[in-house]
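Engineer: As input, take final08.cif (mmCIF, C-alpha atoms):
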data_protein
#
loop_
_atom_site.group_PDB
_atom_site.id
_atom_site.type_symbol
_atom_site.label_atom_id
_atom_site.label_comp_id
_atom_site.auth_asym_id
_atom_site.auth_seq_id
_atom_site.Cartn_x
_atom_site.Cartn_y
_atom_site.Cartn_z
ATOM 1 C CA MET L 1 18.510 10.433 4.943
ATOM 2 C CA ARG L 2 16.698 7.941 7.133
ATOM 3 C CA TYR L 3 14.333 5.292 5.871
ATOM 4 C CA MET L 4 11.873 2.910 7.491
ATOM 5 C CA ILE L 5 11.685 -0.272 5.469
ATOM 6 C CA GLU L 6 8.731 -2.560 6.070
ATOM 7 C CA TYR L 7 8.957 -6.099 4.751
ATOM 8 C CA THR L 8 6.500 -8.984 4.587
ATOM 9 C CA ILE L 9 7.599 -12.442 3.562
ATOM 10 C CA ARG L 10 5.656 -13.470 0.461
ATOM 11 C CA THR L 11 3.586 -16.636 1.028
ATOM 12 C CA ALA L 12 0.281 -15.999 -0.775
ATOM 13 C CA GLY L 13 -0.405 -18.344 -3.653
ATOM 14 C CA LEU L 14 2.414 -20.708 -2.722
ATOM 15 C CA THR L 15 1.989 -24.345 -1.778
ATOM 16 C CA HIS L 16 3.037 -25.641 1.610
ATOM 17 C CA ALA L 17 6.182 -27.157 0.049
ATOM 18 C CA GLU L 18 6.971 -23.904 -1.790
ATOM 19 C CA ASN L 19 6.635 -21.943 1.470
ATOM 20 C CA PHE L 20 9.049 -24.309 3.213
ATOM 21 C CA ALA L 21 11.515 -24.108 0.319
ATOM 22 C CA GLY L 22 11.223 -20.319 0.167
ATOM 23 C CA ALA L 23 11.793 -19.979 3.911
ATOM 24 C CA GLY L 24 14.900 -22.153 3.690
ATOM 25 C CA ALA L 25 16.259 -20.198 0.739
ATOM 26 C CA LEU L 26 15.561 -16.868 2.474
ATOM 27 C CA LEU L 27 17.353 -17.980 5.650
ATOM 28 C CA ALA L 28 20.322 -19.231 3.606
ATOM 29 C CA ALA L 29 20.533 -15.940 1.695
ATOM 30 C CA PHE L 30 20.162 -13.846 4.842
ATOM 31 C CA SER L 31 22.982 -15.751 6.559
ATOM 32 C CA LYS L 32 25.314 -14.403 3.850
ATOM 33 C CA TRP L 33 24.122 -10.777 4.067
ATOM 34 C CA LYS L 34 26.133 -7.952 5.534
ATOM 35 C CA PRO L 35 25.167 -4.275 5.372
ATOM 36 C CA GLU L 36 26.128 -2.498 2.169
ATOM 37 C CA ASP L 37 28.876 0.093 2.357
ATOM 38 C CA GLY L 38 27.265 3.399 3.246
ATOM 39 C CA LEU L 39 24.273 1.826 5.017
ATOM 40 C CA THR L 40 23.834 2.287 8.751
ATOM 41 C CA VAL L 41 21.302 -0.124 10.239
ATOM 42 C CA HIS L 42 19.813 1.415 13.390
ATOM 43 C CA ALA L 43 17.275 -1.376 14.008
ATOM 44 C CA PHE L 44 16.356 -4.646 12.275
ATOM 45 C CA LEU L 45 13.129 -5.924 13.812
ATOM 46 C CA SER L 46 10.820 -8.884 13.269
ATOM 47 C CA ASN L 47 7.101 -8.755 13.925
ATOM 48 C CA LEU L 48 5.839 -11.264 16.487
ATOM 49 C CA ALA L 49 4.231 -13.449 13.842
ATOM 50 C CA GLY L 50 7.645 -13.949 12.250
ATOM 51 C CA ASN L 51 6.364 -13.169 8.758
ATOM 52 C CA GLY L 52 7.786 -9.677 8.375
ATOM 53 C CA GLY L 53 9.230 -6.718 10.154
ATOM 54 C CA TYR L 54 10.976 -3.374 9.922
ATOM 55 C CA VAL L 55 14.454 -2.095 9.213
ATOM 56 C CA PHE L 56 15.371 1.448 10.261
ATOM 57 C CA VAL L 57 18.373 2.570 8.220
ATOM 58 C CA GLU L 58 20.325 5.654 7.262
ATOM 59 C CA THR L 59 22.313 6.486 4.134
ATOM 60 C CA SER L 60 23.224 9.515 2.058
ATOM 61 C CA ASP L 61 22.789 7.534 -1.181
ATOM 62 C CA PRO L 62 19.328 6.134 -2.053
ATOM 63 C CA LYS L 63 20.986 3.651 -4.431
ATOM 64 C CA VAL L 64 22.254 1.854 -1.331
ATOM 65 C CA ILE L 65 18.611 1.285 -0.330
ATOM 66 C CA VAL L 66 17.852 -0.150 -3.762
ATOM 67 C CA SER L 67 20.856 -2.456 -3.464
ATOM 68 C CA PHE L 68 19.704 -3.667 -0.044
ATOM 69 C CA VAL L 69 16.010 -4.254 -0.686
ATOM 70 C CA SER L 70 16.368 -5.634 -4.216
ATOM 71 C CA LYS L 71 18.387 -8.572 -2.881
ATOM 72 C CA TYR L 72 15.295 -9.729 -1.005
ATOM 73 C CA ASN L 73 12.569 -8.867 -3.539
ATOM 74 C CA PHE L 74 12.527 -12.542 -4.520
ATOM 75 C CA TRP L 75 11.019 -13.408 -1.119
ATOM 76 C CA ASN L 76 9.589 -10.199 0.354
ATOM 77 C CA GLU L 77 7.071 -7.493 -0.321
ATOM 78 C CA VAL L 78 8.857 -4.269 0.616
ATOM 79 C CA ASN L 79 7.760 -0.712 1.359
ATOM 80 C CA VAL L 80 10.441 1.981 1.773
ATOM 81 C CA VAL L 81 9.447 5.241 3.488
ATOM 82 C CA PRO L 82 11.818 8.199 3.920
ATOM 83 C CA VAL L 83 11.427 9.558 7.465
ATOM 84 C CA ILE L 84 12.555 12.523 9.563
ATOM 85 C CA GLU L 85 12.570 13.290 13.279
ATOM 86 C CA VAL L 86 9.241 14.488 14.673
ATOM 87 C CA SER L 87 11.063 17.491 16.117
ATOM 88 C CA ASP L 88 12.002 18.455 12.545
ATOM 89 C CA ALA L 89 8.541 17.758 11.142
ATOM 90 C CA VAL L 90 6.530 19.770 13.697
ATOM 91 C CA PRO L 91 7.801 23.249 12.686
ATOM 92 C CA LEU L 92 7.339 22.400 9.010
ATOM 93 C CA THR L 93 3.810 21.161 9.620
ATOM 94 C CA ALA L 94 3.009 24.243 11.713
ATOM 95 C CA ALA L 95 4.232 26.524 8.916
ATOM 96 C CA SER L 96 2.174 24.565 6.392
ATOM 97 C CA LEU L 97 -0.908 24.873 8.584
ATOM 98 C CA GLY L 98 -0.397 28.643 8.816
ATOM 99 C CA TRP L 99 -0.009 28.877 5.050
ATOM 100 C CA ALA L 100 -3.105 26.717 4.388
ATOM 101 C CA GLN L 101 -5.226 28.743 6.814
ATOM 102 C CA SER L 102 -4.100 32.011 5.191
ATOM 103 C CA ALA L 103 -4.427 30.707 1.634
ATOM 104 C CA SER L 104 -7.937 29.347 2.215
ATOM 105 C CA LYS L 105 -9.338 32.758 3.210
ATOM 106 C CA SER L 106 -11.121 34.686 0.485
#
Represent the supplied structure as structure tokens.

Structural biologist:
Amino acid sequence: MRYMIEYTIRTAGLTHAENFAGAGALLAAFSKWKPEDGLTVHAFLSNLAGNGGYVFVETSDPKVIVSFVSKYNFWNEVNVVPVIEVSDAVPLTAASLGWAQSASKS
């Protein structure tokens, strides 16, 4: 299964000194990270503001996702979304539309 992980570095409610300390700690922790066994990282992207980004990953075991994101929950707000190819979604959506149109008739 593929997942799009969106992360935002947590800064709200922190003092200037706490933000600096948190950034240093996050960079130190990230320098020691390597992908978990069973996790394929297709893209690891930063937004242009440098306060968050996206990670496009693939794994057959959702526990690998938990292992990955929970390491950074101390610094980041994280949203994990399972995703599929648009070419796979279109026929499913078309079938659902057909069902909904049929089911909504009296």

Engineer: If we count only C-alpha atoms and set the cut-off at 10 Å, which residues sit around region 26-39 of chain L, ignoring sequence neighbours fewer than 3 positions away in its own chain? Please answer as a PyMOL selection string.

Structural biologist: chain L and resi 2+9+20-23+42+57-65+67-68+71-72+74-76

Engineer: Report, in Å with one decimal, the straight-line distance from CA of Gly24 (chain L) to CA of Thr8 (chain L).

Structural biologist: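 Here the two named atoms are 15.6 Å from each other.
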
Engineer: Provide the CA of Val83 (chain L) to CA of Ser70 (chain L) distance in Å, to one decimal place.

Structural biologist: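 So the two atoms, CA of Val83 (chain L) and CA of Ser70 (chain L), lie 19.8 Å apart.
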
Engineer: Given all atoms listed in the file as the basis, pick out the residue of L:Asn47, L:Gln101, L:Asn79, L:Asn19 nearest to Ile5 (chain L).

Structural biologist: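 Looking at the shortest contact to Ile5 (chain L), the residue is L:Asn79.
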
Engineer: With distances taken over only C-alpha atoms, which of L:Met4, L:Ala43, L:Val90, L:Leu14 is nearest to Val78 (chain L)?

Structural biologist: L:Met4

Engineer: Return the single residue from L:Leu92, L:Val41, L:Ala12, L:Val55 that is closest to Val80 (chain L), with distances computed using only C-alpha atoms.

Structural biologist: L:Val55

Engineer: Let me make sure I understand: among L:Ile84, L:Ala89, L:Tyr7, L:Ala17, which one has the smallest atom-to-atom distance to Gly50 (chain L) if we use only C-alpha atoms?

Structural biologist: L:Tyr7

Engineer: From the set L:Asp88, L:Met1, L:Thr93, L:Val66, which residue has the shortest atom-to-atom contact distance to Thr40 (chain L), counting all atoms listed in the file?

Structural biologist: L:Met1

Engineer: Hey, can you check how far CA of Pro82 (chain L) sits from CA of Leu45 (chain L)?

Structural biologist: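 Atom-to-atom, CA of Pro82 (chain L) and CA of Leu45 (chain L) are spaced 17.3 Å apart.
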
Engineer: Considering all atoms listed in the file, state which residue in the set L:Ser104, L:Tyr3, L:Thr15, L:Pro91 is at the smallest distance from Val69 (chain L).

Structural biologist: L:Tyr3
